[in-house]
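Engineer: So that you have it, the file is entry-v1.txt, and it contains compact mmCIF, C-alpha atoms and all ligand atoms:
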```txt
# COMPACT_ATOMS: atom_id res chain seq x y z
CA MET A 129 143.84 167.59 101.62
CA HIS A 130 143.65 166.95 97.88
CA PRO A 131 140.62 168.81 96.35
CA THR A 132 139.01 165.53 95.09
CA ALA A 133 139.35 163.95 98.52
CA ARG A 134 137.89 167.07 100.13
CA SER A 135 134.85 167.16 97.84
CA ARG A 136 134.28 163.42 98.34
CA LEU A 137 134.33 163.94 102.11
CA PHE A 138 131.93 166.89 101.79
CA VAL A 139 129.39 164.82 99.82
CA LEU A 140 129.74 161.88 102.22
CA THR A 141 129.30 164.02 105.33
CA LYS A 142 126.17 165.64 103.87
CA GLU A 143 124.79 162.28 102.83
CA PHE A 144 125.33 160.72 106.26
CA HIS A 145 123.91 163.69 108.15
CA SER A 146 120.73 163.70 106.12
CA LYS A 147 120.16 159.95 106.49
CA ARG A 148 116.69 159.05 107.74
CA SER A 149 116.55 155.75 109.57
CA LEU A 150 116.55 152.92 107.07
CA SER A 151 114.21 149.94 106.96
CA SER A 152 115.47 146.36 107.32
CA ARG A 153 115.20 145.89 103.57
CA GLU A 154 117.24 149.02 102.84
CA LEU A 155 119.86 148.10 105.42
CA ILE A 156 120.21 144.63 103.93
CA GLU A 157 120.54 146.08 100.44
CA ARG A 158 123.24 148.46 101.64
CA ASP A 159 125.13 145.61 103.28
CA ASP A 160 124.92 143.54 100.13
CA LYS A 161 126.18 146.45 98.06
CA PHE A 162 129.14 147.52 100.18
CA GLY A 163 130.17 144.37 102.06
CA GLY A 164 131.86 141.11 101.18
CA ARG A 165 129.67 138.18 100.21
CA HIS A 166 131.51 135.48 102.19
CA PHE A 167 128.65 134.98 104.65
CA LYS A 168 124.90 134.88 104.20
CA PRO A 169 123.06 136.31 107.20
CA LEU A 170 119.43 135.50 107.88
CA PRO A 171 117.40 138.48 106.60
CA VAL A 172 116.87 140.22 109.93
CA VAL A 173 118.59 143.41 111.07
CA LEU A 174 119.11 143.50 114.81
CA THR A 175 119.54 146.66 116.76
CA ARG A 176 119.18 145.80 120.44
CA GLY A 177 119.62 142.88 122.81
CA GLU A 178 118.80 142.16 126.42
CA GLY A 179 119.19 138.77 128.07
CA VAL A 180 117.81 136.13 125.74
CA HIS A 181 115.97 138.62 123.53
CA VAL A 182 116.99 140.70 120.54
CA TRP A 183 115.00 143.31 118.60
CA ASP A 184 115.07 144.21 114.93
CA VAL A 185 115.05 147.75 113.56
CA GLU A 186 111.25 147.64 113.16
CA GLY A 187 110.93 146.81 116.87
CA LYS A 188 110.02 143.12 116.57
CA ARG A 189 111.30 140.99 119.46
CA TYR A 190 112.91 137.57 119.02
CA LEU A 191 114.16 134.82 121.27
CA ASP A 192 117.82 134.27 120.42
CA PHE A 193 118.51 130.54 120.13
CA LEU A 194 121.92 131.07 118.53
CA ALA A 195 123.63 133.46 120.97
CA GLY A 196 126.19 134.56 118.41
CA PHE A 197 127.27 130.97 117.70
CA ALA A 198 127.36 130.01 121.38
CA THR A 199 129.19 133.16 122.43
CA VAL A 200 126.71 135.24 124.41
CA ASN A 201 126.51 132.67 127.22
CA GLN A 202 125.91 135.47 129.75
CA GLY A 203 122.97 136.88 127.77
CA HIS A 204 122.90 140.06 125.71
CA CYS A 205 124.17 143.20 127.41
CA HIS A 206 124.56 141.60 130.81
CA PRO A 207 124.47 144.59 133.22
CA ARG A 208 127.72 143.55 134.95
CA LEU A 209 129.54 143.31 131.63
CA VAL A 210 128.15 146.60 130.36
CA LYS A 211 129.22 148.26 133.62
CA VAL A 212 132.84 147.04 133.57
CA MET A 213 133.08 147.65 129.86
CA LYS A 214 132.06 151.29 130.33
CA GLU A 215 134.30 151.73 133.34
CA GLN A 216 137.36 150.24 131.69
CA ALA A 217 136.75 152.00 128.36
CA GLY A 218 136.60 155.29 130.23
CA LYS A 219 139.76 154.49 132.17
CA LEU A 220 142.23 152.70 129.90
CA ALA A 221 141.22 150.67 126.83
CA HIS A 222 144.45 149.79 125.12
CA THR A 223 148.14 149.73 125.90
CA SER A 224 149.44 146.85 123.77
CA ARG A 225 151.70 144.40 125.54
CA ALA A 226 154.50 146.92 125.37
CA PHE A 227 153.52 147.73 128.98
CA TYR A 228 151.89 146.00 131.90
CA SER A 229 148.31 146.72 132.84
CA GLU A 230 146.36 145.54 135.86
CA PRO A 231 143.61 143.47 134.14
CA HIS A 232 146.15 141.26 132.32
CA GLY A 233 147.47 139.64 135.46
CA ALA A 234 144.05 139.64 137.09
CA LEU A 235 142.51 137.57 134.29
CA GLY A 236 145.53 135.26 134.18
CA GLU A 237 145.41 134.63 137.92
CA TYR A 238 141.65 134.07 137.99
CA LEU A 239 141.57 131.69 135.02
CA THR A 240 144.61 129.63 136.01
CA LYS A 241 143.34 129.22 139.58
CA LEU A 242 139.82 128.41 138.43
CA LEU A 243 140.76 125.96 135.68
CA GLY A 244 144.02 124.52 137.00
CA TRP A 245 146.83 125.31 134.56
CA ASP A 246 149.96 127.36 135.32
CA ARG A 247 149.58 130.06 132.71
CA PHE A 248 147.13 131.88 130.44
CA LEU A 249 148.06 133.62 127.19
CA PRO A 250 145.34 135.92 125.84
CA MET A 251 144.64 136.49 122.16
CA ASN A 252 141.57 137.88 120.39
CA THR A 253 139.63 135.41 118.26
CA GLY A 254 139.25 131.66 118.57
CA VAL A 255 141.27 131.01 115.44
CA GLU A 256 144.21 133.03 116.73
CA ALA A 257 144.19 131.09 119.98
CA GLY A 258 144.21 127.88 117.89
CA ASP A 259 147.16 129.14 115.85
CA THR A 260 148.90 130.05 119.10
CA ALA A 261 148.37 126.53 120.45
CA ILE A 262 149.85 125.06 117.27
CA LYS A 263 152.87 127.35 117.51
CA VAL A 264 153.45 126.41 121.15
CA ALA A 265 153.10 122.72 120.31
CA ARG A 266 155.58 122.89 117.43
CA ARG A 267 158.08 124.77 119.62
CA TRP A 268 157.62 122.13 122.32
CA GLY A 269 158.09 119.45 119.67
CA TYR A 270 161.49 120.80 118.66
CA ARG A 271 162.76 121.95 122.02
CA ILE A 272 161.46 119.30 124.42
CA LYS A 273 160.51 116.28 122.32
CA LYS A 274 163.52 116.84 120.01
CA ILE A 275 161.69 116.35 116.71
CA PRO A 276 164.07 117.03 113.78
CA LYS A 277 163.95 120.58 112.39
CA ASN A 278 160.85 121.45 110.33
CA GLU A 279 159.33 118.00 110.74
CA ALA A 280 156.90 118.58 113.62
CA THR A 281 153.50 117.20 112.66
CA VAL A 282 150.15 118.20 114.14
CA VAL A 283 147.26 115.76 113.87
CA PHE A 284 143.66 117.01 113.70
CA ALA A 285 140.34 115.19 113.90
CA LYS A 286 138.44 115.12 110.62
CA ASN A 287 135.35 117.37 110.37
CA ASN A 288 136.90 119.82 112.81
CA PHE A 289 136.29 123.53 112.76
CA CYS A 290 139.21 125.63 113.97
CA GLY A 291 138.31 128.90 112.22
CA ARG A 292 139.37 130.58 109.01
CA SER A 293 143.09 131.34 109.10
CA ILE A 294 145.46 129.62 106.68
CA ALA A 295 146.49 127.24 109.47
CA ALA A 296 142.86 126.50 110.37
CA LEU A 297 141.76 125.82 106.80
CA SER A 298 144.84 123.66 106.27
CA ALA A 299 143.54 121.54 109.15
CA SER A 300 140.04 121.40 107.71
CA THR A 301 138.42 118.55 105.80
CA ASP A 302 135.52 120.74 104.67
CA PRO A 303 135.92 121.80 101.01
CA ASN A 304 133.90 125.01 101.67
CA CYS A 305 136.58 126.00 104.12
CA TYR A 306 139.77 125.10 102.21
CA THR A 307 139.07 125.06 98.46
CA ASP A 308 141.27 127.38 96.41
CA PHE A 309 143.12 128.79 99.39
CA GLY A 310 146.19 126.60 98.96
CA PRO A 311 149.03 125.98 99.25
CA TYR A 312 148.31 124.65 102.70
CA VAL A 313 150.40 124.40 105.85
CA PRO A 314 152.56 121.26 105.61
CA ARG A 315 152.71 118.45 108.15
CA PHE A 316 149.09 118.75 109.23
CA ASP A 317 147.67 115.24 109.37
CA LYS A 318 144.07 114.11 109.92
CA VAL A 319 142.40 111.14 111.61
CA PRO A 320 138.72 110.23 111.91
CA TYR A 321 136.99 111.73 114.95
CA ASN A 322 135.98 109.42 117.76
CA ASP A 323 138.33 106.66 116.59
CA LEU A 324 141.00 105.76 119.12
CA ASN A 325 142.40 102.91 117.03
CA ALA A 326 143.09 105.23 114.10
CA LEU A 327 144.70 107.70 116.47
CA GLU A 328 146.95 105.10 118.04
CA GLN A 329 147.97 103.78 114.65
CA LYS A 330 148.93 107.28 113.57
CA PHE A 331 150.89 107.93 116.78
CA ARG A 332 152.67 104.58 116.46
CA GLN A 333 153.68 105.17 112.84
CA ASP A 334 154.86 108.75 113.11
CA PRO A 335 157.41 109.88 115.74
CA THR A 336 157.30 113.47 114.41
CA ILE A 337 153.85 114.13 115.88
CA CYS A 338 153.98 116.92 118.45
CA ALA A 339 150.26 117.41 119.06
CA PHE A 340 146.72 116.17 118.52
CA MET A 341 144.17 118.99 118.31
CA VAL A 342 140.53 118.06 118.82
CA GLU A 343 137.21 119.49 119.96
CA PRO A 344 135.68 117.52 122.85
CA ILE A 345 132.36 117.93 121.00
CA GLN A 346 132.45 119.00 117.36
CA GLY A 347 130.19 122.05 117.41
CA GLU A 348 130.31 123.36 113.86
CA ALA A 349 130.17 119.84 112.45
CA GLY A 350 126.66 119.75 113.91
CA VAL A 351 127.16 118.96 117.61
CA VAL A 352 128.89 115.62 117.15
CA ILE A 353 129.42 114.02 120.55
CA PRO A 354 132.06 111.28 120.79
CA ASN A 355 131.53 108.01 122.64
CA ASP A 356 131.99 108.02 126.40
CA GLY A 357 135.63 107.22 127.05
CA TYR A 358 136.96 108.92 123.92
CA LEU A 359 138.47 111.85 125.82
CA LYS A 360 140.10 109.55 128.36
CA GLY A 361 141.42 107.47 125.48
CA VAL A 362 142.87 110.58 123.82
CA ARG A 363 144.53 111.57 127.10
CA ASP A 364 146.04 108.11 127.58
CA LEU A 365 147.34 107.86 124.01
CA CYS A 366 148.84 111.34 124.08
CA THR A 367 150.62 110.52 127.33
CA LYS A 368 151.80 107.13 126.04
CA TYR A 369 153.27 108.54 122.81
CA ASN A 370 154.52 111.84 124.27
CA VAL A 371 152.16 113.94 122.16
CA LEU A 372 150.51 117.14 123.41
CA TRP A 373 146.76 117.05 123.60
CA ILE A 374 145.26 120.38 122.49
CA ALA A 375 141.56 120.63 123.37
CA ASP A 376 139.76 123.23 121.29
CA GLU A 377 137.01 124.42 123.63
CA VAL A 378 136.34 127.67 121.84
CA GLN A 379 132.70 126.62 121.45
CA THR A 380 132.21 123.99 124.15
CA GLY A 381 134.09 125.78 126.93
CA LEU A 382 132.81 127.92 129.77
CA CYS A 383 129.61 126.21 130.87
CA ARG A 384 127.95 125.71 127.47
CA THR A 385 127.72 121.91 127.77
CA GLY A 386 126.58 121.81 131.38
CA LYS A 387 130.06 121.73 132.92
CA ARG A 388 132.73 124.40 133.13
CA LEU A 389 134.62 122.61 130.34
CA ALA A 390 133.50 119.81 128.04
CA VAL A 391 136.57 117.75 129.04
CA ASP A 392 135.17 117.82 132.60
CA HIS A 393 132.46 115.37 131.50
CA GLU A 394 135.22 112.74 131.55
CA ASN A 395 137.42 114.47 134.16
CA GLN A 396 140.28 114.80 131.70
CA ARG A 397 143.00 117.45 131.50
CA PRO A 398 144.46 118.38 128.12
CA ASP A 399 147.99 119.81 127.85
CA ILE A 400 146.75 122.93 126.09
CA LEU A 401 143.22 124.30 126.41
CA ILE A 402 141.86 126.80 123.89
CA LEU A 403 139.11 129.21 124.92
CA GLY A 404 137.28 131.96 123.02
CA LYS A 405 133.70 133.03 122.34
CA ALA A 406 132.03 133.12 125.81
CA LEU A 407 135.29 134.23 127.41
CA SER A 408 134.10 137.79 126.91
CA GLY A 409 130.37 137.11 126.55
CA GLY A 410 130.49 138.67 123.10
CA MET A 411 131.50 142.10 124.41
CA TYR A 412 134.96 142.16 122.88
CA PRO A 413 137.03 139.55 121.03
CA VAL A 414 138.95 137.71 123.74
CA SER A 415 140.43 134.24 123.39
CA GLY A 416 143.46 132.50 124.76
CA ILE A 417 145.24 129.33 125.71
CA LEU A 418 146.00 127.73 129.04
CA ALA A 419 148.97 125.44 129.61
CA ASP A 420 151.59 124.58 132.20
CA SER A 421 154.89 126.44 132.32
CA GLN A 422 157.04 123.82 130.62
CA ILE A 423 154.83 124.06 127.54
CA MET A 424 153.79 127.72 127.57
CA LEU A 425 157.30 129.02 128.13
CA CYS A 426 158.46 127.44 124.87
CA LEU A 427 157.23 130.77 123.48
CA GLU A 428 159.95 133.03 124.79
CA THR A 429 160.19 136.79 124.43
CA GLY A 430 159.69 138.00 120.88
CA SER A 431 158.31 134.76 119.45
CA HIS A 432 154.61 135.64 119.57
CA GLY A 433 152.30 138.57 120.12
CA SER A 434 149.27 140.57 119.11
CA THR A 435 148.51 144.28 119.14
CA PHE A 436 145.13 143.81 120.79
CA GLY A 437 145.59 140.49 122.60
CA GLY A 438 145.67 141.06 126.34
CA SER A 439 144.33 144.60 126.20
CA PRO A 440 143.06 146.11 129.46
CA LEU A 441 139.56 146.41 128.02
CA GLY A 442 139.37 142.84 126.76
CA ASN A 443 140.88 141.33 129.86
CA ARG A 444 138.73 143.32 132.27
CA VAL A 445 135.52 142.32 130.51
CA ALA A 446 136.68 138.69 130.22
CA LEU A 447 137.35 138.52 133.94
CA GLU A 448 133.84 139.73 134.66
CA ALA A 449 132.35 137.45 132.01
CA VAL A 450 133.87 134.35 133.60
CA LYS A 451 132.83 135.49 137.08
CA VAL A 452 129.26 135.89 135.85
CA LEU A 453 129.26 132.32 134.50
CA GLU A 454 130.50 131.02 137.84
CA GLU A 455 128.49 133.19 140.19
CA GLU A 456 125.22 132.70 138.34
CA ASN A 457 125.74 128.90 138.16
CA LEU A 458 125.25 128.91 134.43
CA ALA A 459 126.79 125.47 133.90
CA GLU A 460 124.11 124.05 136.16
CA ASN A 461 121.39 125.93 134.31
CA ALA A 462 122.73 124.63 130.98
CA ARG A 463 122.74 121.08 132.30
CA GLU A 464 119.20 121.21 133.69
CA LEU A 465 117.62 123.02 130.77
CA GLY A 466 119.54 120.89 128.27
CA GLU A 467 117.52 117.93 129.57
CA ILE A 468 114.27 119.72 128.73
CA VAL A 469 115.54 120.44 125.20
CA ARG A 470 116.43 116.76 124.79
CA ARG A 471 113.07 115.55 126.14
CA GLU A 472 111.09 117.83 123.84
CA LEU A 473 113.06 117.42 120.64
CA GLU A 474 113.72 113.69 120.81
CA ARG A 475 109.97 113.25 120.63
CA LEU A 476 109.71 114.75 117.15
CA PRO A 477 108.75 112.25 114.44
CA LYS A 478 111.58 110.99 112.22
CA GLU A 479 109.87 112.41 109.12
CA ILE A 480 110.61 115.84 110.59
CA ALA A 481 113.89 115.36 112.45
CA THR A 482 116.09 112.34 111.97
CA GLU A 483 118.28 112.92 115.00
CA PHE A 484 118.78 115.05 118.08
CA ARG A 485 122.27 115.66 119.46
CA GLY A 486 122.95 117.67 122.53
CA ARG A 487 124.86 118.21 125.73
CA GLY A 488 123.80 121.01 128.03
CA LEU A 489 122.66 123.94 125.91
CA LEU A 490 124.74 122.98 122.89
CA ALA A 491 122.34 121.06 120.71
CA GLY A 492 121.64 120.27 117.09
CA LEU A 493 118.41 119.03 115.55
CA VAL A 494 118.92 117.24 112.25
CA ILE A 495 116.04 118.19 109.94
CA ASN A 496 115.01 115.47 107.53
CA LYS A 497 116.06 116.62 104.05
CA ASP A 498 112.85 115.19 102.58
CA PHE A 499 110.85 117.31 104.99
CA ALA A 500 112.44 120.74 104.53
CA GLU A 501 115.63 122.71 104.03
CA GLY A 502 117.16 123.88 107.30
CA TRP A 503 117.39 127.43 105.95
CA ASP A 504 113.66 127.54 105.10
CA ILE A 505 112.80 126.38 108.62
CA CYS A 506 114.96 129.18 110.02
CA LEU A 507 113.07 131.72 107.91
CA LYS A 508 109.76 130.43 109.30
CA LEU A 509 111.16 130.49 112.83
CA LYS A 510 112.19 134.07 112.32
CA GLU A 511 108.63 134.97 111.33
CA ALA A 512 107.45 133.24 114.50
CA GLY A 513 109.90 135.17 116.70
CA LEU A 514 112.82 132.77 117.17
CA LEU A 515 116.28 133.12 115.68
CA THR A 516 118.76 130.42 114.83
CA ARG A 517 120.74 129.07 111.85
CA PRO A 518 121.48 125.67 110.43
CA ALA A 519 124.91 124.04 110.50
CA HIS A 520 125.76 122.15 107.29
CA GLY A 521 122.37 122.97 105.80
CA GLN A 522 120.18 120.68 107.89
CA ILE A 523 121.26 120.85 111.52
CA LEU A 524 119.34 123.47 113.48
CA ARG A 525 121.51 124.90 116.21
CA ILE A 526 120.00 125.28 119.65
CA SER A 527 122.42 127.30 121.72
CA PRO A 528 120.58 130.06 123.57
CA PRO A 529 122.23 132.26 126.20
CA LEU A 530 122.82 130.19 129.33
CA THR A 531 120.88 132.75 131.37
CA ILE A 532 117.67 131.54 129.76
CA THR A 533 114.90 130.60 132.20
CA LYS A 534 112.81 127.43 132.04
CA GLU A 535 109.78 129.47 130.90
CA GLN A 536 111.73 131.22 128.14
CA LEU A 537 113.18 127.93 126.98
CA GLU A 538 109.77 126.31 126.90
CA GLU A 539 108.40 129.25 124.95
CA GLY A 540 111.21 128.83 122.40
CA LEU A 541 110.72 125.08 122.13
CA ASP A 542 107.02 125.64 121.67
CA ILE A 543 107.69 128.01 118.76
CA LEU A 544 110.15 125.53 117.28
CA THR A 545 107.92 122.47 117.51
CA THR A 546 104.83 124.37 116.32
CA VAL A 547 106.67 125.71 113.28
CA LEU A 548 108.03 122.26 112.48
CA LYS A 549 104.71 120.48 112.90
CA SER A 550 102.79 123.02 110.81
CA TYR A 551 105.46 123.45 108.15
CA LYS A 552 103.79 121.47 105.40
C1 LIG B 1 135.82 124.87 118.02
C2 LIG B 1 136.10 126.18 117.38
N1 LIG B 1 137.37 126.58 117.25
C3 LIG B 1 137.67 127.77 116.69
C4 LIG B 1 136.69 128.60 116.22
C5 LIG B 1 137.06 129.91 115.57
O1 LIG B 1 136.74 130.96 116.42
P1 LIG B 1 136.71 132.45 115.80
O2 LIG B 1 135.59 132.51 114.84
O3 LIG B 1 136.51 133.33 117.01
O4 LIG B 1 138.02 132.67 115.16
C6 LIG B 1 135.35 128.21 116.34
C7 LIG B 1 134.27 129.08 115.84
O5 LIG B 1 133.13 128.71 115.72
C8 LIG B 1 135.04 126.97 116.95
O6 LIG B 1 133.79 126.55 117.06
```
Can you dump the structure from the file as structure tokens?

Structural biologist:
Amino acid sequence: MHPTARSRLFVLTKEFHSKRSLSSRELIERDDKFGGRHFKPLPVVLTRGEGVHVWDVEGKRYLDFLAGFATVNQGHCHPRLVKVMKEQAGKLAHTSRAFYSEPHGALGEYLTKLLGWDRFLPMNTGVEAGDTAIKVARRWGYRIKKIPKNEATVVFAKNNFCGRSIAALSASTDPNCYTDFGPYVPRFDKVPYNDLNALEQKFRQDPTICAFMVEPIQGEAGVVIPNDGYLKGVRDLCTKYNVLWIADEVQTGLCRTGKRLAVDHENQRPDILILGKALSGGMYPVSGILADSQIMLCLETGSHGSTFGGSPLGNRVALEAVKVLEEENLAENARELGEIVRRELERLPKEIATEFRGRGLLAGLVINKDFAEGWDICLKLKEAGLLTRPAHGQILRISPPLTITKEQLEEGLDILTTVLKSYK
């Protein structure tokens, strides 16, 4: 080792060994000094989680009404997930897809049989699964639909959130997401959300469209729920114009909205389904797409891959995570408790909250801008023992773990309404 490198390591090792435990303030300062500044966390440093609760480094307990952006559907550190995680980590964590491993097929079989598509292709994060869906759709466009070379167009709904890759931000209509990251991916088109006429017009005008990618409920946009019949309309138009329907259920999928999938609210079946977040209950990044063989097999050997996607560890924990959702009836719990959230929050005066939007335990409360900033309310909630964040400044997210009990939910709603009513 070079002498400078050795002395740097010596100093660092000494420094880290002598570290006393740091306070929240010191930990936040350290983060701000050494990390990127692309995200602004709420000023709380969490160290432990169990079920619907999390604790900060000073030992204060909070109710978690965010659940890692609707990821920890199974609750923090679910004992079944911790158990399989430990077992699999101690047995075989990673192989890459250079070889077969038992959990890969097990997850594929379970998910395809449960959800009703032929095949499952695992990736890691939601955005990668979205990129994968776009790649599959373009391949299908050239090979099956016979779109001329390099002309395949993908249409997205405006105000979507697909993640942060170059493809995802090229699909975005949010300047915070795309500004100064160009040039963007070509032949990505956009239509207004919840507008079947605009969609049909687009499909009619453009024969190069291979896919329409849309969230059944726009989560990051602030829980925007389309009119009843929109999803059926999307299905019908995609079938009529020979366009693949890609449903991005990274946030809405896996019981969050009170059904296994959000498309189940209208009994519709997209051609490609994207899952992420709750697929592993937050234990490990696991995402993926489901599709039938004719579509999925457009990606033949060598055309796609990921070092970590489909790892034994990720797939084993994902299998258990989905079983937990099913065996603990968490869709049903989300549906029932979502009604309590609606009942309580719709009652708030318009001076405080102009609108409530929700389905199951995916809800957004629009705070009146004249009343308060969403961020300031979240700071007060934190003081009162409840954690969440606003979407787009003013929309308080209400997406607790789906394991939450009626009593815990009522306690959280009580904190929320008390803080709101006593804010001024
Ligand atoms: C609908 C939707 N798609 C994709 C993503 C991106 O997922 P990830 O952050 O895991 O890449 C998100 C994240 O919030 C999402 O809500």

Engineer: What does the structure give for the distance between atom CA of Ile417 of chain A and atom CA of Gly357 of chain A, in Å to one decimal?

Structural biologist: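 Straight-line distance from atom CA of Ile417 of chain A to atom CA of Gly357 of chain A works out to 24.1 Å.
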
Engineer: Can you pull out every residue with an atom within 10 Å of ligand LIG 1 (chain B)? Use all atoms listed in the file and format it as a ChimeraX atom specification.

Structural biologist: /A:196-199,252-259,288-293,296,342-349,375-381,402-406,413-415

Engineer: Save the residues we just selected, C-alpha atoms, as a PDB file, in the frame of the given file?

Structural biologist:
```pdb
ATOM      1  CA  GLY A 196     126.190 134.560 118.410  1.00  0.00           C
ATOM      2  CA  PHE A 197     127.270 130.970 117.700  1.00  0.00           C
ATOM      3  CA  ALA A 198     127.360 130.010 121.380  1.00  0.00           C
ATOM      4  CA  THR A 199     129.190 133.160 122.430  1.00  0.00           C
ATOM      5  CA  ASN A 252     141.570 137.880 120.390  1.00  0.00           C
ATOM      6  CA  THR A 253     139.630 135.410 118.260  1.00  0.00           C
ATOM      7  CA  GLY A 254     139.250 131.660 118.570  1.00  0.00           C
ATOM      8  CA  VAL A 255     141.270 131.010 115.440  1.00  0.00           C
ATOM      9  CA  GLU A 256     144.210 133.030 116.730  1.00  0.00           C
ATOM     10  CA  ALA A 257     144.190 131.090 119.980  1.00  0.00           C
ATOM     11  CA  GLY A 258     144.210 127.880 117.890  1.00  0.00           C
ATOM     12  CA  ASP A 259     147.160 129.140 115.850  1.00  0.00           C
ATOM     13  CA  ASN A 288     136.900 119.820 112.810  1.00  0.00           C
ATOM     14  CA  PHE A 289     136.290 123.530 112.760  1.00  0.00           C
ATOM     15  CA  CYS A 290     139.210 125.630 113.970  1.00  0.00           C
ATOM     16  CA  GLY A 291     138.310 128.900 112.220  1.00  0.00           C
ATOM     17  CA  ARG A 292     139.370 130.580 109.010  1.00  0.00           C
ATOM     18  CA  SER A 293     143.090 131.340 109.100  1.00  0.00           C
ATOM     19  CA  ALA A 296     142.860 126.500 110.370  1.00  0.00           C
ATOM     20  CA  VAL A 342     140.530 118.060 118.820  1.00  0.00           C
ATOM     21  CA  GLU A 343     137.210 119.490 119.960  1.00  0.00           C
ATOM     22  CA  PRO A 344     135.680 117.520 122.850  1.00  0.00           C
ATOM     23  CA  ILE A 345     132.360 117.930 121.000  1.00  0.00           C
ATOM     24  CA  GLN A 346     132.450 119.000 117.360  1.00  0.00           C
ATOM     25  CA  GLY A 347     130.190 122.050 117.410  1.00  0.00           C
ATOM     26  CA  GLU A 348     130.310 123.360 113.860  1.00  0.00           C
ATOM     27  CA  ALA A 349     130.170 119.840 112.450  1.00  0.00           C
ATOM     28  CA  ALA A 375     141.560 120.630 123.370  1.00  0.00           C
ATOM     29  CA  ASP A 376     139.760 123.230 121.290  1.00  0.00           C
ATOM     30  CA  GLU A 377     137.010 124.420 123.630  1.00  0.00           C
ATOM     31  CA  VAL A 378     136.340 127.670 121.840  1.00  0.00           C
ATOM     32  CA  GLN A 379     132.700 126.620 121.450  1.00  0.00           C
ATOM     33  CA  THR A 380     132.210 123.990 124.150  1.00  0.00           C
ATOM     34  CA  GLY A 381     134.090 125.780 126.930  1.00  0.00           C
ATOM     35  CA  ILE A 402     141.860 126.800 123.890  1.00  0.00           C
ATOM     36  CA  LEU A 403     139.110 129.210 124.920  1.00  0.00           C
ATOM     37  CA  GLY A 404     137.280 131.960 123.020  1.00  0.00           C
ATOM     38  CA  LYS A 405     133.700 133.030 122.340  1.00  0.00           C
ATOM     39  CA  ALA A 406     132.030 133.120 125.810  1.00  0.00           C
ATOM     40  CA  PRO A 413     137.030 139.550 121.030  1.00  0.00           C
ATOM     41  CA  VAL A 414     138.950 137.710 123.740  1.00  0.00           C
ATOM     42  CA  SER A 415     140.430 134.240 123.390  1.00  0.00           C
TER      43      SER A 415
END
```

Engineer: A:Arg134, A:Lys549, A:His181, A:Lys142: which is nearest Pro529 of chain A, counting only C-alpha atoms?

Structural biologist: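 Looking only at the distances to Pro529 of chain A, the closest residue turns out to be A:His181.
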
Engineer: Nearest to Ala226 of chain A: which of A:Thr435, A:Ala326, A:Glu474, A:Gly492 is it, counting only C-alpha atoms?

Structural biologist: A:Thr435

Engineer: Mind giving me the straight-line distance from atom CA of Asn461 of chain A to atom CA of Leu194 of chain A in Å, one decimal?

Structural biologist: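 Separation of atom CA of Asn461 of chain A and atom CA of Leu194 of chain A: 16.6 Å.
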
Engineer: Please identify all polymer residues within 9 Å of Leu249 of chain A, counting only C-alpha atoms, omitting same-chain residues fewer than 2 positions from it, and present them as a PyMOL selection string.

Structural biologist: chain A and resi 236+247+251+257+260+415-419+424+437-438

Engineer: Using the selection just defined, write its residues with C-alpha atoms as a PDB file, in the coordinates of the input.

Structural biologist:
```pdb
ATOM      1  CA  GLY A 236     145.530 135.260 134.180  1.00  0.00           C
ATOM      2  CA  ARG A 247     149.580 130.060 132.710  1.00  0.00           C
ATOM      3  CA  MET A 251     144.640 136.490 122.160  1.00  0.00           C
ATOM      4  CA  ALA A 257     144.190 131.090 119.980  1.00  0.00           C
ATOM      5  CA  THR A 260     148.900 130.050 119.100  1.00  0.00           C
ATOM      6  CA  SER A 415     140.430 134.240 123.390  1.00  0.00           C
ATOM      7  CA  GLY A 416     143.460 132.500 124.760  1.00  0.00           C
ATOM      8  CA  ILE A 417     145.240 129.330 125.710  1.00  0.00           C
ATOM      9  CA  LEU A 418     146.000 127.730 129.040  1.00  0.00           C
ATOM     10  CA  ALA A 419     148.970 125.440 129.610  1.00  0.00           C
ATOM     11  CA  MET A 424     153.790 127.720 127.570  1.00  0.00           C
ATOM     12  CA  GLY A 437     145.590 140.490 122.600  1.00  0.00           C
ATOM     13  CA  GLY A 438     145.670 141.060 126.340  1.00  0.00           C
TER      14      GLY A 438
END
```

Engineer: Looking at only C-alpha atoms, which of A:Asp420, A:Glu483, A:Glu538, A:Asp498 is the one that sits closest to Leu524 of chain A?

Structural biologist: A:Glu483

Engineer: Between atom CA of Ala512 of chain A and atom CA of Val172 of chain A, what is the spacing in Å?

Structural biologist: 12.6 Å
